[in-house]
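To be precise, the following lines are structure_13.txt, and they hold compact mmCIF, C-alpha atoms.
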# COMPACT_ATOMS: atom_id res chain seq x y z
CA MET B 1 0.00 0.00 0.00
CA GLN B 2 2.89 2.36 0.71
CA HIS B 3 4.07 2.29 -2.89
CA LYS B 4 0.54 3.23 -4.06
CA ARG B 5 0.56 6.21 -1.71
CA TRP B 6 3.88 7.37 -3.17
CA LEU B 7 2.44 6.87 -6.66
CA GLY B 8 -0.50 9.09 -5.70
CA ILE B 9 1.86 11.76 -4.36
CA ALA B 10 3.95 11.65 -7.54
CA LEU B 11 0.86 11.96 -9.76
CA ALA B 12 -0.49 14.93 -7.74
CA ILE B 13 2.88 16.68 -7.93
CA LEU B 14 3.07 16.03 -11.68
CA GLY B 15 -0.43 17.38 -12.29
CA SER B 16 0.16 20.53 -10.22
CA SER B 17 3.56 21.12 -11.81
CA LEU B 18 2.16 20.79 -15.34
CA TRP B 19 -0.54 23.34 -14.49
CA GLY B 20 2.16 25.65 -13.16
CA ILE B 21 4.43 25.34 -16.19
CA ALA B 22 1.48 26.14 -18.49
CA GLY B 23 1.59 29.73 -17.14
CA PRO B 24 5.06 30.65 -18.45
CA ALA B 25 4.33 28.71 -21.66
CA SER B 26 1.26 30.86 -22.27
CA GLU B 27 3.33 33.98 -21.54
CA VAL B 28 5.56 33.07 -24.50
CA MET B 29 2.49 32.85 -26.74
CA PHE B 30 1.07 36.18 -25.55
CA ALA B 31 4.40 37.81 -26.41
CA GLN B 32 3.89 36.53 -29.97
CA GLY B 33 0.46 38.13 -30.31
CA VAL B 34 -1.88 35.30 -29.30
CA SER B 35 -5.11 36.55 -27.74
CA VAL B 36 -6.38 35.19 -24.43
CA SER B 37 -9.77 34.33 -25.96
CA TRP B 38 -8.24 32.38 -28.85
CA LEU B 39 -5.97 30.42 -26.51
CA ILE B 40 -8.59 29.35 -24.00
CA GLY B 41 -11.26 28.71 -26.65
CA SER B 42 -9.07 26.46 -28.79
CA LYS B 43 -7.39 24.62 -25.92
CA MET B 44 -10.68 23.96 -24.11
CA VAL B 45 -12.33 22.58 -27.24
CA ILE B 46 -9.42 20.24 -27.95
CA ALA B 47 -9.09 19.18 -24.30
CA GLY B 48 -12.87 18.76 -24.04
CA VAL B 49 -13.09 16.50 -27.09
CA VAL B 50 -10.18 14.33 -25.92
CA THR B 51 -11.37 14.14 -22.30
CA LEU B 52 -14.98 13.43 -23.30
CA ALA B 53 -13.82 10.63 -25.60
CA TYR B 54 -11.76 9.19 -22.76
CA ALA B 55 -14.74 9.46 -20.40
CA ALA B 56 -16.95 7.72 -22.98
CA PHE B 57 -14.43 4.88 -23.12
CA ARG B 58 -14.01 4.61 -19.34
CA THR B 59 -17.57 5.18 -18.12
CA PRO B 60 -19.97 5.31 -21.09
CA GLN B 61 -23.03 4.85 -18.86
CA ALA B 62 -22.14 8.01 -16.89
CA LEU B 63 -21.53 10.27 -19.87
CA TRP B 64 -25.00 11.83 -20.14
CA ALA B 65 -26.00 11.47 -16.49
CA PRO B 66 -25.55 15.16 -15.46
CA TRP B 67 -27.93 16.30 -18.21
CA ARG B 68 -30.81 14.00 -17.21
CA ASN B 69 -31.64 16.01 -14.10
CA ARG B 70 -32.80 19.57 -14.76
CA ARG B 71 -31.40 20.98 -11.51
CA ASP B 72 -28.02 19.34 -12.03
CA ALA B 73 -27.93 20.45 -15.66
CA LEU B 74 -28.51 24.07 -14.60
CA GLN B 75 -25.78 23.74 -11.97
CA LEU B 76 -23.41 22.37 -14.61
CA VAL B 77 -24.21 25.32 -16.89
CA ALA B 78 -23.49 27.72 -14.01
CA PHE B 79 -20.17 25.96 -13.41
CA ILE B 80 -19.27 26.20 -17.10
CA LEU B 81 -20.01 29.94 -17.25
CA PHE B 82 -18.81 31.19 -13.88
CA GLY B 83 -16.33 28.47 -12.97
CA MET B 84 -14.58 26.90 -15.95
CA ILE B 85 -14.70 29.81 -18.42
CA ALA B 86 -14.16 32.47 -15.77
CA MET B 87 -11.16 30.74 -14.20
CA GLN B 88 -9.50 29.99 -17.53
CA TYR B 89 -10.03 33.48 -18.95
CA VAL B 90 -9.16 35.45 -15.83
CA TYR B 91 -6.02 33.43 -15.02
CA PHE B 92 -4.57 33.72 -18.52
CA LYS B 93 -5.54 37.39 -18.66
CA ALA B 94 -3.59 37.86 -15.40
CA VAL B 95 -0.59 36.15 -16.99
CA ALA B 96 -0.90 38.38 -20.06
CA VAL B 97 -0.99 41.67 -18.12
CA ALA B 98 1.43 40.69 -15.33
CA ASN B 99 3.60 37.57 -15.53
CA ALA B 100 3.11 33.86 -14.87
CA PRO B 101 4.71 33.67 -11.38
CA THR B 102 2.76 36.66 -10.02
CA ALA B 103 -0.53 35.50 -11.56
CA THR B 104 -0.09 31.95 -10.26
CA ILE B 105 0.89 33.04 -6.75
CA LEU B 106 -2.08 35.40 -6.50
CA GLN B 107 -4.43 32.74 -7.89
CA TYR B 108 -3.15 30.42 -5.16
CA LEU B 109 -5.00 32.66 -2.67
CA SER B 110 -8.22 30.98 -3.79
CA PRO B 111 -8.56 28.68 -0.72
CA VAL B 112 -8.48 31.78 1.48
CA VAL B 113 -11.17 33.35 -0.71
CA VAL B 114 -13.24 30.15 -0.33
CA LEU B 115 -12.85 30.45 3.45
CA VAL B 116 -14.20 34.01 3.39
CA ILE B 117 -17.08 33.19 1.01
CA LEU B 118 -18.20 30.22 3.11
CA ALA B 119 -18.05 32.31 6.29
CA VAL B 120 -20.33 34.92 4.67
CA MET B 121 -22.72 32.34 3.17
CA THR B 122 -23.10 30.38 6.40
CA ARG B 123 -23.12 33.55 8.55
CA THR B 124 -20.57 32.04 10.89
CA LEU B 125 -17.53 33.76 12.28
CA PRO B 126 -14.24 32.19 11.18
CA ARG B 127 -12.07 30.49 13.79
CA ARG B 128 -9.28 32.51 15.35
CA LEU B 129 -6.86 30.36 13.37
CA ASP B 130 -8.72 31.22 10.17
CA VAL B 131 -8.45 34.94 10.97
CA ALA B 132 -4.70 34.50 11.46
CA ILE B 133 -4.52 32.61 8.15
CA ILE B 134 -6.34 35.42 6.33
CA ALA B 135 -4.00 37.99 7.88
CA LEU B 136 -0.96 35.95 6.81
CA ALA B 137 -2.32 35.63 3.29
CA MET B 138 -2.87 39.40 3.10
CA PHE B 139 0.70 39.98 4.29
CA GLY B 140 2.05 37.57 1.68
CA THR B 141 0.02 39.27 -1.04
CA LEU B 142 1.29 42.68 0.07
CA MET B 143 4.89 41.48 -0.20
CA VAL B 144 4.31 40.07 -3.69
CA VAL B 145 2.61 43.16 -5.12
CA THR B 146 4.90 45.75 -3.48
CA LYS B 147 8.22 43.83 -3.46
CA GLY B 148 8.69 45.00 0.12
CA HIS B 149 8.08 48.70 -0.60
CA LEU B 150 4.81 48.84 1.30
CA THR B 151 3.81 52.35 0.22
CA GLN B 152 3.75 51.66 -3.52
CA LEU B 153 2.73 48.93 -5.93
CA ALA B 154 5.51 47.12 -7.77
CA ILE B 155 3.03 45.80 -10.34
CA SER B 156 0.41 47.70 -12.30
CA PRO B 157 -3.05 48.17 -10.80
CA GLN B 158 -4.36 46.21 -13.81
CA ALA B 159 -2.08 43.26 -12.97
CA LEU B 160 -3.17 43.36 -9.32
CA PHE B 161 -6.84 43.48 -10.35
CA TRP B 162 -6.62 40.47 -12.66
CA GLY B 163 -4.43 38.54 -10.21
CA LEU B 164 -6.89 38.94 -7.34
CA LEU B 165 -9.79 38.26 -9.69
CA ALA B 166 -8.02 35.02 -10.65
CA ALA B 167 -8.14 33.98 -6.98
CA LEU B 168 -11.89 34.70 -6.87
CA ALA B 169 -12.49 32.84 -10.15
CA ALA B 170 -10.52 29.83 -8.87
CA ALA B 171 -12.59 29.90 -5.67
CA LEU B 172 -15.83 29.79 -7.69
CA TYR B 173 -14.32 26.98 -9.77
CA THR B 174 -13.96 25.04 -6.51
CA LEU B 175 -17.34 25.91 -4.98
CA LEU B 176 -19.77 25.76 -7.92
CA PRO B 177 -19.41 22.06 -8.85
CA ALA B 178 -19.07 20.76 -5.27
CA ASP B 179 -22.52 19.12 -5.20
CA LEU B 180 -22.18 17.75 -8.72
CA LEU B 181 -18.90 16.06 -7.91
CA THR B 182 -20.53 14.07 -5.11
CA ARG B 183 -23.01 12.53 -7.58
CA TYR B 184 -21.19 12.38 -10.90
CA SER B 185 -17.77 11.46 -12.24
CA PRO B 186 -15.31 14.40 -11.98
CA LEU B 187 -13.94 13.28 -15.35
CA VAL B 188 -17.38 13.64 -16.98
CA ILE B 189 -18.08 17.02 -15.35
CA SER B 190 -14.69 18.38 -16.40
CA ALA B 191 -15.02 17.03 -19.95
CA TRP B 192 -18.42 18.64 -20.56
CA ALA B 193 -17.31 21.90 -18.93
CA GLN B 194 -14.20 22.16 -21.09
CA LEU B 195 -15.93 21.25 -24.35
CA ILE B 196 -19.00 23.47 -23.93
CA GLY B 197 -16.94 26.26 -22.37
CA GLY B 198 -14.52 26.17 -25.28
CA LEU B 199 -17.36 26.27 -27.81
CA LEU B 200 -18.96 29.24 -26.05
CA VAL B 201 -15.67 31.16 -26.00
CA SER B 202 -15.18 30.30 -29.68
CA ILE B 203 -18.38 32.19 -30.51
CA LYS B 204 -16.55 35.37 -29.47
CA ALA B 205 -13.15 34.33 -30.81
CA PRO B 206 -13.55 31.60 -33.47
CA VAL B 207 -10.47 29.39 -33.52
CA TRP B 208 -10.45 29.45 -37.33
CA GLN B 209 -10.22 33.24 -37.42
CA ASP B 210 -7.28 35.45 -36.44
CA PHE B 211 -5.09 32.36 -36.53
CA PRO B 212 -1.93 33.27 -34.62
CA GLN B 213 1.39 33.63 -36.42
CA MET B 214 3.83 31.96 -34.01
CA ASP B 215 7.29 30.51 -34.45
CA ALA B 216 8.22 26.93 -33.58
CA THR B 217 8.75 27.88 -29.92
CA GLY B 218 5.29 29.43 -29.72
CA TRP B 219 3.59 26.39 -31.25
CA GLY B 220 5.61 24.10 -29.00
CA CYS B 221 4.35 26.07 -25.99
CA TYR B 222 0.79 25.81 -27.34
CA ALA B 223 1.09 22.05 -27.70
CA PHE B 224 2.35 21.84 -24.13
CA VAL B 225 -0.48 24.00 -22.74
CA VAL B 226 -3.11 21.87 -24.50
CA ILE B 227 -1.62 18.43 -23.95
CA GLY B 228 0.56 18.70 -20.86
CA GLY B 229 -0.97 21.66 -19.04
CA THR B 230 -4.61 20.72 -19.63
CA ILE B 231 -5.34 17.12 -20.71
CA VAL B 232 -2.51 15.24 -18.98
CA ALA B 233 -2.44 17.53 -15.93
CA TYR B 234 -6.08 16.96 -15.09
CA LEU B 235 -6.08 13.22 -15.81
CA VAL B 236 -3.02 12.49 -13.66
CA TYR B 237 -4.35 14.70 -10.86
CA LEU B 238 -7.64 12.77 -10.93
CA ALA B 239 -5.69 9.51 -10.95
CA SER B 240 -3.80 10.60 -7.83
CA LEU B 241 -7.08 10.72 -5.88
CA GLN B 242 -7.32 6.94 -6.20
CA PHE B 243 -4.28 6.60 -3.92
CA ILE B 244 -4.25 9.69 -1.66
CA THR B 245 -6.91 11.86 -0.01
CA ALA B 246 -8.20 15.10 -1.49
CA THR B 247 -6.60 16.95 1.44
CA ALA B 248 -3.20 15.45 0.68
CA ALA B 249 -3.61 16.31 -3.00
CA SER B 250 -4.55 19.91 -2.13
CA LEU B 251 -1.33 20.25 -0.11
CA LEU B 252 0.63 19.21 -3.17
CA ASP B 253 -1.07 21.97 -5.20
CA ALA B 254 1.75 24.12 -3.82
CA PHE B 255 3.88 22.75 -6.65
CA GLU B 256 1.83 24.83 -9.13
CA PRO B 257 3.19 28.28 -8.13
CA LEU B 258 6.59 26.71 -7.44
CA ALA B 259 6.74 25.20 -10.94
CA ALA B 260 5.54 28.43 -12.56
CA THR B 261 8.15 30.51 -10.75
CA LEU B 262 11.01 28.08 -11.30
CA THR B 263 10.22 27.77 -15.02
CA ALA B 264 10.08 31.56 -15.43
CA VAL B 265 13.37 32.04 -13.54
CA VAL B 266 15.29 29.30 -15.38
CA PHE B 267 13.97 29.71 -18.92
CA MET B 268 12.67 33.27 -19.14
CA GLY B 269 15.13 35.24 -17.04
CA PHE B 270 12.49 36.22 -14.48
CA HIS B 271 14.01 37.84 -11.38
CA LEU B 272 12.35 37.14 -8.06
CA SER B 273 13.08 39.72 -5.36
CA GLY B 274 13.57 38.72 -1.75
CA ALA B 275 10.23 40.29 -0.77
CA GLU B 276 8.39 38.43 -3.55
CA LEU B 277 10.02 35.18 -2.43
CA VAL B 278 8.94 35.79 1.16
CA GLY B 279 5.42 36.70 0.03
CA GLY B 280 5.11 33.61 -2.15
CA VAL B 281 6.33 31.32 0.64
CA VAL B 282 3.88 32.92 3.10
CA ILE B 283 0.92 32.46 0.72
CA ILE B 284 1.83 28.83 0.07
CA ALA B 285 2.32 28.25 3.81
CA THR B 286 -1.11 29.69 4.63
CA VAL B 287 -2.82 27.29 2.24
CA VAL B 288 -0.85 24.34 3.62
CA ILE B 289 -1.82 25.34 7.17
CA MET B 290 -5.45 25.64 6.09
CA ALA B 291 -5.48 22.15 4.62
CA MET B 292 -3.75 20.62 7.67
CA THR B 293 -6.01 22.33 10.23
CA ALA B 294 -9.37 22.16 8.42
CA PRO B 295 -12.18 20.84 10.62
CA LYS B 296 -12.94 17.20 9.98
CA ALA B 297 -16.20 16.46 8.26
CA PRO B 298 -18.75 14.85 10.60
Starting from the file, give its structure as structure tokens.
Amino acid sequence: MQHKRWLGIALAILGSSLWGIAGPASEVMFAQGVSVSWLIGSKMVIAGVVTLAYAAFRTPQALWAPWRNRRDALQLVAFILFGMIAMQYVYFKAVAVANAPTATILQYLSPVVVLVILAVMTRTLPRRLDVAIIALAMFGTLMVVTKGHLTQLAISPQALFWGLLAALAAALYTLLPADLLTRYSPLVISAWAQLIGGLLVSIKAPVWQDFPQMDATGWGCYAFVVIGGTIVAYLVYLASLQFITATAASLLDAFEPLAATLTAVVFMGFHLSGAELVGGVVIIATVVIMAMTAPKAP
């Protein structure tokens, strides 16, 4: 059993790392004139077709299940619009206007945003520990966006806006399908969300129009974002849940901002200041503390 646990850990790390590396890869494409809408529309359609075909092969009887119940179908539509599309668009927009490490670190605040949203929805005061976690997360964010110069922003207000919005979008991505995922296959829900989401985005930015003019590096990055950063990343992350708990997998999500930052530093010459490093570590630490100290479900 121990070797299966280590397999689960390795798969979760791989999935999170692939998600993280997709950020710098998309940054290369944006520098070559690719639009955010074209990228997310085309990659979601391709990933949706592939994932839906895989789901049809694995669990054909479950493929249409979410659409047979009107309430669940409406919830799936809400997830597609305000979860899948919103998270994809806002995150890549944050990368385009800021940079991949900053966007990914700020998006990683999403568990803290979930904590606040749930406290408001349930009208319950957060635990003292949760208040301390929120304060730590705010301190980490302050260090990232000011680089230690607390009286002025080190990134543009636009970059800060999209980065924080990415955290909110990722929080909605987590909250909106929660009920669906208890009744239906996560693979099926993700496949439909990606395919339909990609088709909806393609109405605004048809993939056959404004075809990007990229060099070999740009197309290589695109192939990685679609295959490695979307299809493979999600499938291996789902596979990891067969061997480790969701809490353990969420702890290993820390490899996403780590992978994004390391890739940008090594391959793109990104310089990380001491204050940004401290801020990033604090944000990651707050999420790890949250996962380790979360109240147990009854």
> When distances are computed from all atoms listed in the file, which of B:Val207, B:Ala171, B:Val145, B:Met290 shows the smallest separation from Ile105 of chain B?
Replying inline: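 Checking each candidate against Ile105 of chain B, we get B:Val145 as the closest.
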>> So the first atom is atom CA of Asp179 of chain B and the second is atom CA of Leu76 of chain B; what is the distance between them in Å, to one decimal place?
In response: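 Interatomic distance here is 10.0 Å.
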> When distances are computed from all atoms listed in the file, which of B:Val90, B:Val282, B:Ala53, B:Val225 shows the smallest separation from Leu187 of chain B?
Replying inline: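 Among the listed residues, the smallest separation from Leu187 of chain B belongs to B:Ala53.
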I'd like the box whose edges run along x, y and z of the file and which contains every listed atom of segment 107-112 of chain B, padded by 3 Å per side; could you state its centre and edge lengths in Å, one decimal, as JSON?
{"center_x": -5.9, "center_y": 30.7, "center_z": -3.2, "size_x": 11.4, "size_y": 10.1, "size_z": 15.4}
Using all atoms listed in the file, what table do you get, as CSV, when you list each residue of segment 88-145 of chain B with an atom no more than 8 Å from segment 32-52 of chain B, its nearest pair of atoms, and their distance in Å rounded to one decimal, rows by chain then rising number?
residue,atom,partner,partner_atom,distance
B:Gln88,CA,B:Ile40,CA,6.6
B:Tyr89,CA,B:Ile40,CA,6.7
B:Phe92,CA,B:Val36,CA,6.4
B:Lys93,CA,B:Val36,CA,6.2
B:Ala96,CA,B:Val36,CA,7.7
>> Just checking: using all atoms listed in the file, which residue out of B:Val28, B:Val288, B:Met84, B:Ile21 ends up closest to Trp192 of chain B?
In response: B:Met84
